[in-house]
Each structure stands twice: as C-alpha cells, then as structure tokens.
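Here is final_7.cif, consisting of mmCIF, C-alpha atoms:
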```
data_work
#
loop_
_atom_site.label_atom_id
_atom_site.label_comp_id
_atom_site.auth_asym_id
_atom_site.auth_seq_id
_atom_site.Cartn_x
_atom_site.Cartn_y
_atom_site.Cartn_z
CA MET T 1 66.83 75.23 161.94
CA LEU T 2 66.04 78.64 163.29
CA THR T 3 69.38 79.39 164.98
CA PRO T 4 71.52 80.14 161.89
CA PHE T 5 68.83 82.44 160.60
CA LYS T 6 68.66 84.27 163.93
CA LYS T 7 72.45 84.63 163.97
CA LEU T 8 72.49 86.08 160.48
CA TRP T 9 69.70 88.47 161.29
CA GLY T 10 71.57 89.60 164.41
CA LEU T 11 74.66 90.34 162.34
CA VAL T 12 72.71 92.29 159.76
CA TYR T 13 70.99 94.24 162.53
CA ARG T 14 74.32 95.15 164.21
CA ILE T 15 75.91 96.33 160.97
CA TRP T 16 72.89 98.35 160.06
CA SER T 17 72.60 100.06 163.43
CA SER T 18 76.30 100.94 163.50
CA ALA T 19 76.13 102.33 160.00
CA ASN T 20 73.03 104.25 160.96
CA ARG T 21 74.75 105.99 163.91
CA PRO T 22 76.65 109.22 163.31
CA ALA T 23 80.32 108.47 162.68
CA LYS T 24 81.79 108.99 166.15
CA HIS T 25 85.12 107.33 165.51
CA LEU T 26 85.73 108.38 161.89
CA SER T 27 87.43 111.70 161.22
CA ILE T 28 86.09 114.22 158.77
CA GLY T 29 89.31 113.71 156.80
CA PHE T 30 88.68 109.98 156.45
CA LEU T 31 85.15 110.61 155.29
CA THR T 32 86.19 113.09 152.64
CA ILE T 33 89.02 110.97 151.31
CA GLY T 34 86.89 107.81 151.47
CA GLY T 35 84.09 109.55 149.64
CA PHE T 36 86.52 110.78 147.04
CA VAL T 37 88.01 107.32 146.50
CA ALA T 38 84.55 105.75 146.24
CA GLY T 39 83.56 108.42 143.75
CA VAL T 40 86.63 107.78 141.64
CA MET T 41 85.95 104.07 141.70
CA PHE T 42 82.34 104.53 140.71
CA TRP T 43 83.15 106.96 137.92
CA GLY T 44 85.96 104.73 136.72
CA GLY T 45 83.68 101.72 136.57
CA PHE T 46 81.08 103.72 134.73
CA ASN T 47 83.72 104.87 132.31
CA THR T 48 85.06 101.35 131.76
CA ALA T 49 81.56 100.11 131.07
CA LEU T 50 81.04 102.88 128.56
CA GLU T 51 84.44 102.15 127.03
CA TYR T 52 83.45 98.54 126.51
CA THR T 53 80.16 99.44 124.88
CA ASN T 54 82.25 101.49 122.47
CA THR T 55 84.04 98.55 120.91
CA GLU T 56 83.32 96.68 117.72
CA GLU T 57 83.34 93.49 119.79
CA PHE T 58 80.37 94.76 121.79
CA CYS T 59 78.35 95.82 118.73
CA VAL T 60 78.97 92.54 116.94
CA SER T 61 78.08 90.51 120.04
CA CYS T 62 74.47 90.84 118.95
CA HIS T 63 74.04 88.46 116.07
CA GLU T 64 71.70 91.01 114.49
CA MET T 65 74.76 93.18 113.97
CA GLY T 66 77.25 90.35 113.44
CA ASP T 67 75.40 88.37 110.76
CA ASN T 68 74.19 91.36 108.78
CA VAL T 69 76.04 94.65 108.82
CA PHE T 70 79.38 93.22 110.00
CA VAL T 71 79.78 90.63 107.23
CA GLU T 72 78.85 93.32 104.74
CA LEU T 73 81.48 95.69 106.11
CA LYS T 74 84.28 93.16 105.64
CA PRO T 75 84.82 93.45 101.86
CA THR T 76 84.70 97.27 101.92
CA ILE T 77 87.58 99.71 102.02
CA HIS T 78 86.85 100.69 105.61
CA TYR T 79 87.69 97.20 106.85
CA SER T 80 90.88 96.60 104.91
CA ASN T 81 92.94 98.99 102.80
CA ARG T 82 96.47 99.91 101.78
CA SER T 83 96.84 102.31 104.72
CA GLY T 84 95.94 99.72 107.34
CA VAL T 85 93.54 102.06 109.11
CA ARG T 86 90.31 100.35 110.16
CA ALA T 87 87.05 102.17 110.78
CA THR T 88 85.10 100.27 113.43
CA CYS T 89 81.37 100.52 114.15
CA PRO T 90 81.61 103.20 116.86
CA ASP T 91 83.85 105.35 114.62
CA CYS T 92 80.93 105.89 112.27
CA HIS T 93 78.02 105.44 114.63
CA VAL T 94 78.88 106.97 118.02
CA PRO T 95 80.13 110.53 118.30
CA HIS T 96 83.47 110.95 120.10
CA ASN T 97 82.10 113.91 122.05
CA TRP T 98 81.46 112.89 125.67
CA THR T 99 78.00 114.39 126.20
CA ASP T 100 76.79 113.30 122.80
CA LYS T 101 78.10 109.89 123.74
CA ILE T 102 75.84 109.62 126.77
CA SER T 103 72.78 110.68 124.86
CA ARG T 104 73.60 108.09 122.20
CA LYS T 105 73.90 105.46 124.93
CA MET T 106 70.41 106.35 126.10
CA GLN T 107 69.17 105.77 122.58
CA ALA T 108 71.11 102.49 122.55
CA SER T 109 68.98 101.13 125.36
CA LYS T 110 66.17 101.17 122.82
CA GLU T 111 68.25 98.69 120.86
CA VAL T 112 68.46 96.39 123.87
CA TRP T 113 64.67 96.61 123.97
CA GLY T 114 64.58 95.68 120.29
CA LYS T 115 66.86 92.72 121.00
CA LEU T 116 64.57 91.44 123.74
CA PHE T 117 61.55 91.68 121.51
CA GLY T 118 63.34 90.52 118.39
CA THR T 119 62.52 93.27 115.89
CA ILE T 120 65.42 92.30 113.60
CA ASN T 121 66.66 88.91 114.80
CA THR T 122 66.53 87.19 111.40
CA ARG T 123 68.01 88.26 108.07
CA GLU T 124 64.49 88.60 106.61
CA LYS T 125 63.24 90.78 109.48
CA PHE T 126 66.42 92.83 109.27
CA GLN T 127 65.95 93.42 105.53
CA ALA T 128 62.34 94.42 106.12
CA GLU T 129 63.38 97.05 108.73
CA ARG T 130 66.51 98.16 106.91
CA ARG T 131 65.08 101.21 105.18
CA ARG T 132 63.87 102.62 108.51
CA LEU T 133 67.18 101.98 110.31
CA ALA T 134 69.30 103.36 107.47
CA GLY T 135 67.01 106.41 107.46
CA HIS T 136 67.88 107.12 111.11
CA GLU T 137 71.59 107.10 110.25
CA TRP T 138 71.21 109.25 107.15
CA ASP T 139 69.16 111.81 109.10
CA ARG T 140 71.71 111.87 111.90
CA LEU T 141 74.69 112.30 109.56
CA LYS T 142 72.85 114.91 107.51
CA ALA T 143 72.01 116.87 110.67
CA ASN T 144 75.58 116.83 112.05
CA ASN T 145 77.18 117.52 108.64
CA SER T 146 78.71 114.01 108.54
CA LEU T 147 80.66 114.62 111.74
CA GLU T 148 81.82 111.02 112.10
CA CYS T 149 83.22 110.91 108.56
CA ARG T 150 85.02 114.18 109.19
CA ASN T 151 86.66 112.83 112.36
CA CYS T 152 88.87 110.89 109.96
CA HIS T 153 88.52 112.69 106.63
CA SER T 154 88.89 116.45 106.79
CA THR T 155 88.25 118.66 103.80
CA GLU T 156 91.26 120.81 104.81
CA SER T 157 93.64 117.86 104.47
CA MET T 158 92.04 116.53 101.31
CA ASP T 159 94.46 116.85 98.39
CA ILE T 160 92.16 116.81 95.41
CA THR T 161 95.07 116.78 92.97
CA ALA T 162 95.77 113.27 94.29
CA GLN T 163 92.16 112.22 93.65
CA SER T 164 90.58 110.88 90.49
CA THR T 165 89.00 113.47 88.18
CA ARG T 166 85.55 112.20 89.05
CA ALA T 167 86.17 112.61 92.79
CA ALA T 168 87.96 115.96 92.51
CA GLU T 169 85.20 117.50 90.40
CA ALA T 170 82.41 116.31 92.67
CA HIS T 171 84.19 117.52 95.80
CA GLN T 172 85.09 120.89 94.31
CA THR T 173 81.60 121.57 93.01
CA PHE T 174 79.48 120.36 95.90
CA LEU T 175 81.57 119.62 98.99
CA PHE T 176 83.87 122.61 99.29
CA THR T 177 80.99 124.96 98.53
CA GLY T 178 79.06 123.44 101.43
CA GLU T 179 76.17 122.57 99.16
CA LYS T 180 76.28 118.89 100.09
CA THR T 181 77.74 116.72 102.80
CA CYS T 182 79.51 113.34 102.62
CA ILE T 183 76.42 111.21 103.28
CA ASP T 184 74.50 112.87 100.40
CA CYS T 185 76.85 111.21 97.92
CA HIS T 186 78.41 108.31 99.83
CA LYS T 187 75.44 106.23 100.98
CA GLY T 188 76.13 102.52 101.22
CA ILE T 189 79.84 103.08 101.86
CA ALA T 190 79.97 100.42 104.59
CA HIS T 191 76.96 98.13 104.17
CA GLU T 192 74.53 96.91 101.56
CA LEU T 193 71.75 99.36 100.80
CA PRO T 194 68.04 99.10 101.60
CA ASP T 195 65.42 99.53 98.86
CA MET T 196 66.39 102.93 97.44
CA THR T 197 63.19 103.78 95.56
CA GLY T 198 62.20 107.30 96.50
CA VAL T 199 65.54 108.20 98.09
CA GLU T 200 66.86 111.47 96.68
CA GLY T 201 69.52 110.96 94.01
CA TRP T 202 68.69 107.31 93.33
CA LYS T 203 66.93 105.89 90.29
CA MET G 1 81.13 43.30 70.01
CA ARG G 2 79.95 46.14 67.80
CA ARG G 3 79.24 48.22 70.92
CA PHE G 4 82.74 47.55 72.14
CA LEU G 5 84.33 48.62 68.86
CA VAL G 6 82.36 51.86 68.84
CA HIS G 7 83.50 52.67 72.37
CA LEU G 8 87.08 51.79 71.57
CA THR G 9 87.25 54.02 68.52
CA THR G 10 85.64 56.93 70.41
CA ALA G 11 88.15 56.55 73.23
CA LEU G 12 91.10 56.37 70.88
CA GLY G 13 89.78 59.35 68.96
CA LEU G 14 89.46 61.39 72.18
CA ILE G 15 93.00 60.54 73.26
CA ALA G 16 94.36 61.51 69.86
CA PHE G 17 92.40 64.77 69.97
CA THR G 18 93.59 65.82 73.45
CA ASN G 19 97.15 64.96 72.49
CA VAL G 20 96.94 67.20 69.46
CA ALA G 21 95.28 69.97 71.48
CA LEU G 22 97.95 69.90 74.21
CA SER G 23 100.95 69.58 71.91
CA ASP G 24 99.40 72.43 69.96
CA GLY G 25 100.37 74.69 72.85
CA THR G 26 96.87 75.31 74.19
CA ALA G 27 97.29 77.77 77.04
CA THR G 28 96.52 76.42 80.48
CA LEU G 29 96.44 78.43 83.68
CA ARG G 30 99.30 76.22 84.98
CA GLN G 31 101.55 77.33 82.10
CA GLY G 32 103.23 73.91 81.87
CA GLU G 33 104.01 73.73 85.58
CA PRO G 34 103.93 70.07 86.81
CA ILE G 35 100.87 69.21 88.88
CA SER G 36 102.99 68.47 91.97
CA VAL G 37 104.46 71.97 92.05
CA GLU G 38 102.65 75.06 93.31
CA ALA G 39 102.58 77.50 90.39
CA GLU G 40 103.44 81.10 91.21
CA ALA G 41 100.35 83.29 91.15
CA PRO G 42 100.46 86.19 88.70
CA LYS G 43 100.66 89.69 90.19
CA MET G 44 97.34 91.36 90.86
CA THR G 45 96.84 94.45 88.78
CA LYS G 46 94.98 97.59 89.72
CA VAL G 47 91.73 98.62 88.10
CA GLU G 48 92.13 101.58 85.75
CA ASN G 49 90.64 104.73 87.28
CA ASN G 50 91.93 107.47 84.98
CA ASP G 51 88.54 108.72 83.69
CA VAL G 52 89.82 108.55 80.11
CA LYS G 53 87.68 106.87 77.46
CA ARG G 54 89.07 103.89 75.56
CA VAL G 55 88.31 103.68 71.84
CA ARG G 56 85.56 101.19 70.98
CA ASN G 57 86.67 98.41 68.62
CA TYR G 58 83.39 98.43 66.69
CA PRO G 59 80.33 100.69 66.93
CA GLU G 60 78.13 98.21 68.79
CA GLN G 61 80.72 97.54 71.48
CA PRO G 62 79.68 98.38 75.03
CA PRO G 63 82.27 100.98 76.07
CA THR G 64 84.69 99.84 78.79
CA ILE G 65 84.43 101.51 82.19
CA PRO G 66 87.15 104.15 82.75
CA HIS G 67 86.71 104.25 86.54
CA LYS G 68 86.82 101.87 89.50
CA THR G 69 83.60 100.18 90.57
CA ARG G 70 84.62 98.64 93.90
CA SER G 71 81.60 98.24 96.20
CA TYR G 72 79.21 99.66 93.60
CA GLU G 73 76.04 97.79 94.44
CA ILE G 74 73.75 96.48 91.69
CA SER G 75 70.96 94.54 93.34
CA LEU G 76 67.22 94.33 93.70
CA ASN G 77 67.47 97.21 96.18
CA ALA G 78 69.77 99.66 94.47
CA ASN G 79 71.69 100.40 91.28
CA LYS G 80 74.69 102.58 92.10
CA CYS G 81 75.58 103.05 88.41
CA MET G 82 72.21 104.62 87.68
CA SER G 83 72.70 107.11 90.52
CA CYS G 84 75.15 108.79 88.10
CA HIS G 85 74.28 107.50 84.61
CA ALA G 86 70.48 107.92 84.66
CA ARG G 87 69.12 110.75 82.50
CA THR G 88 68.06 112.90 85.45
CA ARG G 89 71.33 112.37 87.35
CA THR G 90 73.78 113.47 84.66
CA GLY G 91 73.58 117.19 85.54
CA GLU G 92 75.10 116.57 88.94
CA SER G 93 77.40 113.66 88.09
CA GLN G 94 78.58 114.93 84.67
CA ALA G 95 78.56 111.30 83.56
CA PRO G 96 77.41 110.32 80.06
CA MET G 97 73.77 109.24 80.05
CA VAL G 98 73.16 105.55 79.33
CA SER G 99 72.21 105.63 75.66
CA ILE G 100 68.62 105.35 74.41
CA THR G 101 69.06 101.61 73.78
CA HIS G 102 69.18 101.13 77.57
CA TYR G 103 65.62 102.40 77.86
CA MET G 104 64.23 100.13 75.13
CA ASP G 105 62.59 96.76 75.57
CA ARG G 106 63.11 94.05 72.99
CA ASP G 107 60.33 95.43 70.77
CA ASN G 108 62.21 98.77 70.67
CA GLN G 109 59.52 100.33 72.83
CA VAL G 110 61.11 103.15 74.86
CA LEU G 111 60.45 102.90 78.60
CA ALA G 112 60.59 105.60 81.28
CA THR G 113 63.19 103.79 83.36
CA ILE G 114 66.13 101.50 82.58
CA SER G 115 65.02 98.40 80.68
CA PRO G 116 65.22 95.22 82.78
CA ARG G 117 67.52 93.64 80.19
CA ARG G 118 70.01 96.46 80.75
CA TYR G 119 69.78 96.57 84.55
CA PHE G 120 72.90 94.53 85.33
CA CYS G 121 75.48 96.83 83.80
CA ASN G 122 78.56 94.67 84.30
CA GLN G 123 77.03 91.95 82.18
CA CYS G 124 78.28 94.08 79.26
CA HIS G 125 80.51 96.85 80.67
CA VAL G 126 83.76 95.96 82.36
CA THR G 127 86.61 97.76 84.07
CA GLN G 128 90.11 97.48 82.62
CA VAL G 129 93.52 96.56 84.01
CA GLU G 130 97.00 97.07 82.58
CA ALA G 131 97.95 93.45 81.98
CA ALA G 132 99.43 91.33 79.19
CA PRO G 133 96.68 89.32 77.46
CA LEU G 134 96.79 85.59 78.28
CA VAL G 135 96.05 84.65 74.69
CA GLU G 136 96.93 86.50 71.54
CA ASN G 137 94.13 88.62 70.11
CA GLU G 138 93.76 88.46 66.36
CA PHE G 139 90.94 90.95 66.08
CA VAL G 140 91.36 93.42 63.22
CA ASP G 141 89.63 96.79 63.31
CA VAL G 142 87.37 97.30 60.28
CA GLU G 143 89.36 100.45 59.37
CA GLU G 144 92.54 98.36 59.15
CA LEU G 145 90.68 95.82 57.06
CA LEU G 146 89.56 98.52 54.62
CA LYS G 147 93.12 99.89 54.36
CA GLY G 148 94.41 96.39 53.60
CA GLU G 149 92.10 95.94 50.61
#
```

Representation of the structure as structure tokens:
Amino acid sequence: MLTPFKKLWGLVYRIWSSANRPAKHLSIGFLTIGGFVAGVMFWGGFNTALEYTNTEEFCVSCHEMGDNVFVELKPTIHYSNRSGVRATCPDCHVPHNWTDKISRKMQASKEVWGKLFGTINTREKFQAERRRLAGHEWDRLKANNSLECRNCHSTESMDITAQSTRAAEAHQTFLFTGEKTCIDCHKGIAHELPDMTGVEGWK
Amino acid sequence: MRRFLVHLTTALGLIAFTNVALSDGTATLRQGEPISVEAEAPKMTKVENNDVKRVRNYPEQPPTIPHKTRSYEISLNANKCMSCHARTRTGESQAPMVSITHYMDRDNQVLATISPRRYFCNQCHVTQVEAAPLVENEFVDVEELLKGE
C-alpha cells in the first residue's frame, strides 16, 4: 500500500531537486529561446482566451443574455439588413482598443459574479434591473462620444442627401455641430427599453 | 320532425348563401388558386418614408404616418412616438405636436400628459405602402359629392 506512494514521492523529489539546481547542462541560448517560446505560448493562449470572450457566442452562452437581449436584437436592423452586415454584441459593447479591452474584461468579471449570485437570472429580475444596466451603457457611450457606433458609422462618410429628411435635418442640426451624440437620440436601437420615465428626451 | 325541418332549411339556406357569395366574385387571399397548389406570395412593398403629408379624406381622419416606424417601441416602458410628438419635444424634433384631442379624456377634460386612450398610436395611425388595393374603394370625398349635386 505504501510502496507506490513512496515511489511517486521519490520521483517528485528528484524532479524538484533537479529543477532547483542551477542549470549546469543548459546553455544560455537554450534558456533564452525556451523562455521566449514559453512567453509566446502564454501570450498566445491569453490572446485566444480574450478572443473567445469577444464573440457573440460567448455573450449569449449566459441565458441572461440569450433569453433577453439577444432575442430582442433579432428583429432589429443590426441583426439583419439589406447590406448583410451584422453588428454583434462586442461590436457595440466592447471597445476595439486593446487597453480599453482589458479594462472592460476586468469589469466583466463583475458579471460572472452576478451570474453566480443570480442578480438577473429570470426575465422578471432582468426587467427589474434593466434601468440600472441600460444606464451604465448610456453613460459609457455618452462619455466616449458613442465610440462603438462610430467604429461602423462615421459622420465623414455619412451622405445626408441619401437620408430621409427627418434624419438629415436631425443630423445636420445636432450631430455635425457636436451638440449631441448618437446615443442621445438612438436609445433602444438594439433592445427593448427599460422604464423611460425621467430619462431626458422621453415623455 | 319539426326540429329536423328547421335544421334542413337552415343548412340549405347557408349553402345557397355561400354559393351566391362565392360566385359573386368575393375576393379571397387565394385569388381562385386551387387548394392543392401553393399560391405565389405577393411582393413585399416598402414602407413610405418620404416625410410628405398625405391629404386626409375627411377632417376627423387620423393622418397617415409619412415616415417609417420600424422598431419604434410603444409599451408600458416607453413611447418612442411621444419622444418626438409630445408638446415639449417638438422644438428639437420639428414634428407636429399630437393635437389637443390626444390630451383629452372622454369627458373632454384636458390632461397634462397623453390621454391613456390615445397612448397606442398605431391603433389609429398607420404607415403607407405603394400597393394596389386588394378591393376596390368606393369612398367619395365630400368635395366631390358637393360638386356632383
């Protein structure tokens, strides 16, 4: 009964003590290259993990997201349109900028926390929290001048002569003058809205 | 026996009636296509979005909507229409204000906000498409009627 355990322990001990000795037989060159390769592998893995968390598939894997905001996105223009360009969750919700991305990921761990403790795991709970969550997104888009919208829609490339009168007039008066930003006028573009009483511009 | 006769006459009457109705050329969505054949679906038309008013057919008519309303939410939570058509919003949106009738309850009492009976706009206001009417419209404008006298 004790022998296999002793053998295992012996093996572990030998590996540990050899790893703990200075590298007599390994050249400096090997160490540098090895370190470099390990670094690349680590960074690559980190990157792949981040890449995955940047997909619609990942966001929707939480039923909180799938059963609520995702089904609401489907009938809108950002899911299906004549141009065939689809805006996915991370297009509107995670900045493409690398450093911003990491800081957003740190905030995302708060969501994992929320998942564990079930703050919004039913439609009713989600509706009750919706005003608060939408508020976070409005504040963020207001603060970054609707950066995510502008990654796809730029005012420079906007041909207002091709727009409806209503759109052209609004954009000319308030957008091009910098008085307002996209999210001021286009709330609820992708999902159903929360209770809008008290939100500026809503009656 | 009397019961039976009553039923029989009703049934015969119904058959006669439907026959008349169908031979009368009542429009059906199948347009005479046999039931075993898949009828070709009509083309889908685009919603008018030209921002040009259509003439009302009579003064009480709810005006038609001259713009698209895709994804405009009207729910317990939000009324997208009122974010442009409410009195206080018209400065920014340059939209016509919903008329005074929209603020009145059924006793003609004027309220501060949209009257509940006018909350669901598309109960009365509808967008338009460029499509041939399915049935002929025999409506005559009162002006035409007066001219005809």

Centre, edges in Å (one decimal): axis-aligned box, region 116-132 of chain T, 6 Å padding on all six sides, as AutoDock Vina command-line options:
```
--center_x 64.8 --center_y 94.9 --center_z 114.5 --size_x 18.5 --size_y 27.4 --size_z 30.6
```

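In this model, the gap between CA of Pro42 (chain G) and CA of Phe120 (chain G) comes to 29.0 Å.
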
Contacts from chain G to chain T, 12 Å maximum, all atoms listed in the file: show me the residue list as a JSON list (two decimals) with C-alpha atoms, keeping the file's coordinate frame.
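Contents of iface-v5.json, as written:
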```json
[["chain", "number", "residue", "atom", "x", "y", "z"],
["G", 48, "GLU", "CA", 92.13, 101.58, 85.75],
["G", 49, "ASN", "CA", 90.64, 104.73, 87.28],
["G", 50, "ASN", "CA", 91.93, 107.47, 84.98],
["G", 51, "ASP", "CA", 88.54, 108.72, 83.69],
["G", 52, "VAL", "CA", 89.82, 108.55, 80.11],
["G", 66, "PRO", "CA", 87.15, 104.15, 82.75],
["G", 67, "HIS", "CA", 86.71, 104.25, 86.54],
["G", 68, "LYS", "CA", 86.82, 101.87, 89.50],
["G", 69, "THR", "CA", 83.60, 100.18, 90.57],
["G", 70, "ARG", "CA", 84.62, 98.64, 93.90],
["G", 71, "SER", "CA", 81.60, 98.24, 96.20],
["G", 72, "TYR", "CA", 79.21, 99.66, 93.60],
["G", 73, "GLU", "CA", 76.04, 97.79, 94.44],
["G", 74, "ILE", "CA", 73.75, 96.48, 91.69],
["G", 75, "SER", "CA", 70.96, 94.54, 93.34],
["G", 76, "LEU", "CA", 67.22, 94.33, 93.70],
["G", 77, "ASN", "CA", 67.47, 97.21, 96.18],
["G", 78, "ALA", "CA", 69.77, 99.66, 94.47],
["G", 79, "ASN", "CA", 71.69, 100.40, 91.28],
["G", 80, "LYS", "CA", 74.69, 102.58, 92.10],
["G", 81, "CYS", "CA", 75.58, 103.05, 88.41],
["G", 82, "MET", "CA", 72.21, 104.62, 87.68],
["G", 83, "SER", "CA", 72.70, 107.11, 90.52],
["G", 84, "CYS", "CA", 75.15, 108.79, 88.10],
["G", 85, "HIS", "CA", 74.28, 107.50, 84.61],
["G", 86, "ALA", "CA", 70.48, 107.92, 84.66],
["G", 87, "ARG", "CA", 69.12, 110.75, 82.50],
["G", 88, "THR", "CA", 68.06, 112.90, 85.45],
["G", 89, "ARG", "CA", 71.33, 112.37, 87.35],
["G", 90, "THR", "CA", 73.78, 113.47, 84.66],
["G", 91, "GLY", "CA", 73.58, 117.19, 85.54],
["G", 92, "GLU", "CA", 75.10, 116.57, 88.94],
["G", 93, "SER", "CA", 77.40, 113.66, 88.09],
["G", 94, "GLN", "CA", 78.58, 114.93, 84.67],
["G", 95, "ALA", "CA", 78.56, 111.30, 83.56],
["G", 112, "ALA", "CA", 60.59, 105.60, 81.28],
["G", 113, "THR", "CA", 63.19, 103.79, 83.36],
["G", 114, "ILE", "CA", 66.13, 101.50, 82.58],
["G", 119, "TYR", "CA", 69.78, 96.57, 84.55]]
```

Separating CA of Asp67 (chain T) from CA of Cys152 (chain T), to the nearest tenth of an Å, is a gap of 26.3 Å

12 Å contact set for Val140 (chain G), all atoms listed in the file, chain neighbours under 5 positions out, as number ranges by chain = G: 57-58, 145-148

Using only C-alpha atoms, which of T:Asp159, T:Glu179, T:Asp184, T:Glu56 sits nearest His93 (chain T)?
->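 Result for the nearest residue to His93 (chain T): T:Glu56.
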
For the structure shown, which residues end up in the PyMOL selection byres ((chain G and resi 128) around 7)? Put them as a list of chain:residue names, please?
-> G:Val47, G:Glu48, G:Ile65, G:Val126, G:Thr127, G:Val129, G:Glu130

What gap, in Å, lies between CA of Lys46 (chain G) and CA of Met97 (chain G)?
->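 About the pair CA of Lys46 (chain G) and CA of Met97 (chain G): they are 26.1 Å apart.
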
Check which residues satisfy the PyMOL selection byres ((chain G and resi 105) around 10) in the file shown, then give them as a list in words.
->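 Evaluating the PyMOL selection byres ((chain G and resi 105) around 10) on this file yields Thr101, His102, Tyr103, Met104, Arg106, Asp107, Asn108, Gln109, Val110, Leu111, Ile114, Ser115, Pro116, Arg117 and Arg118 of chain G.
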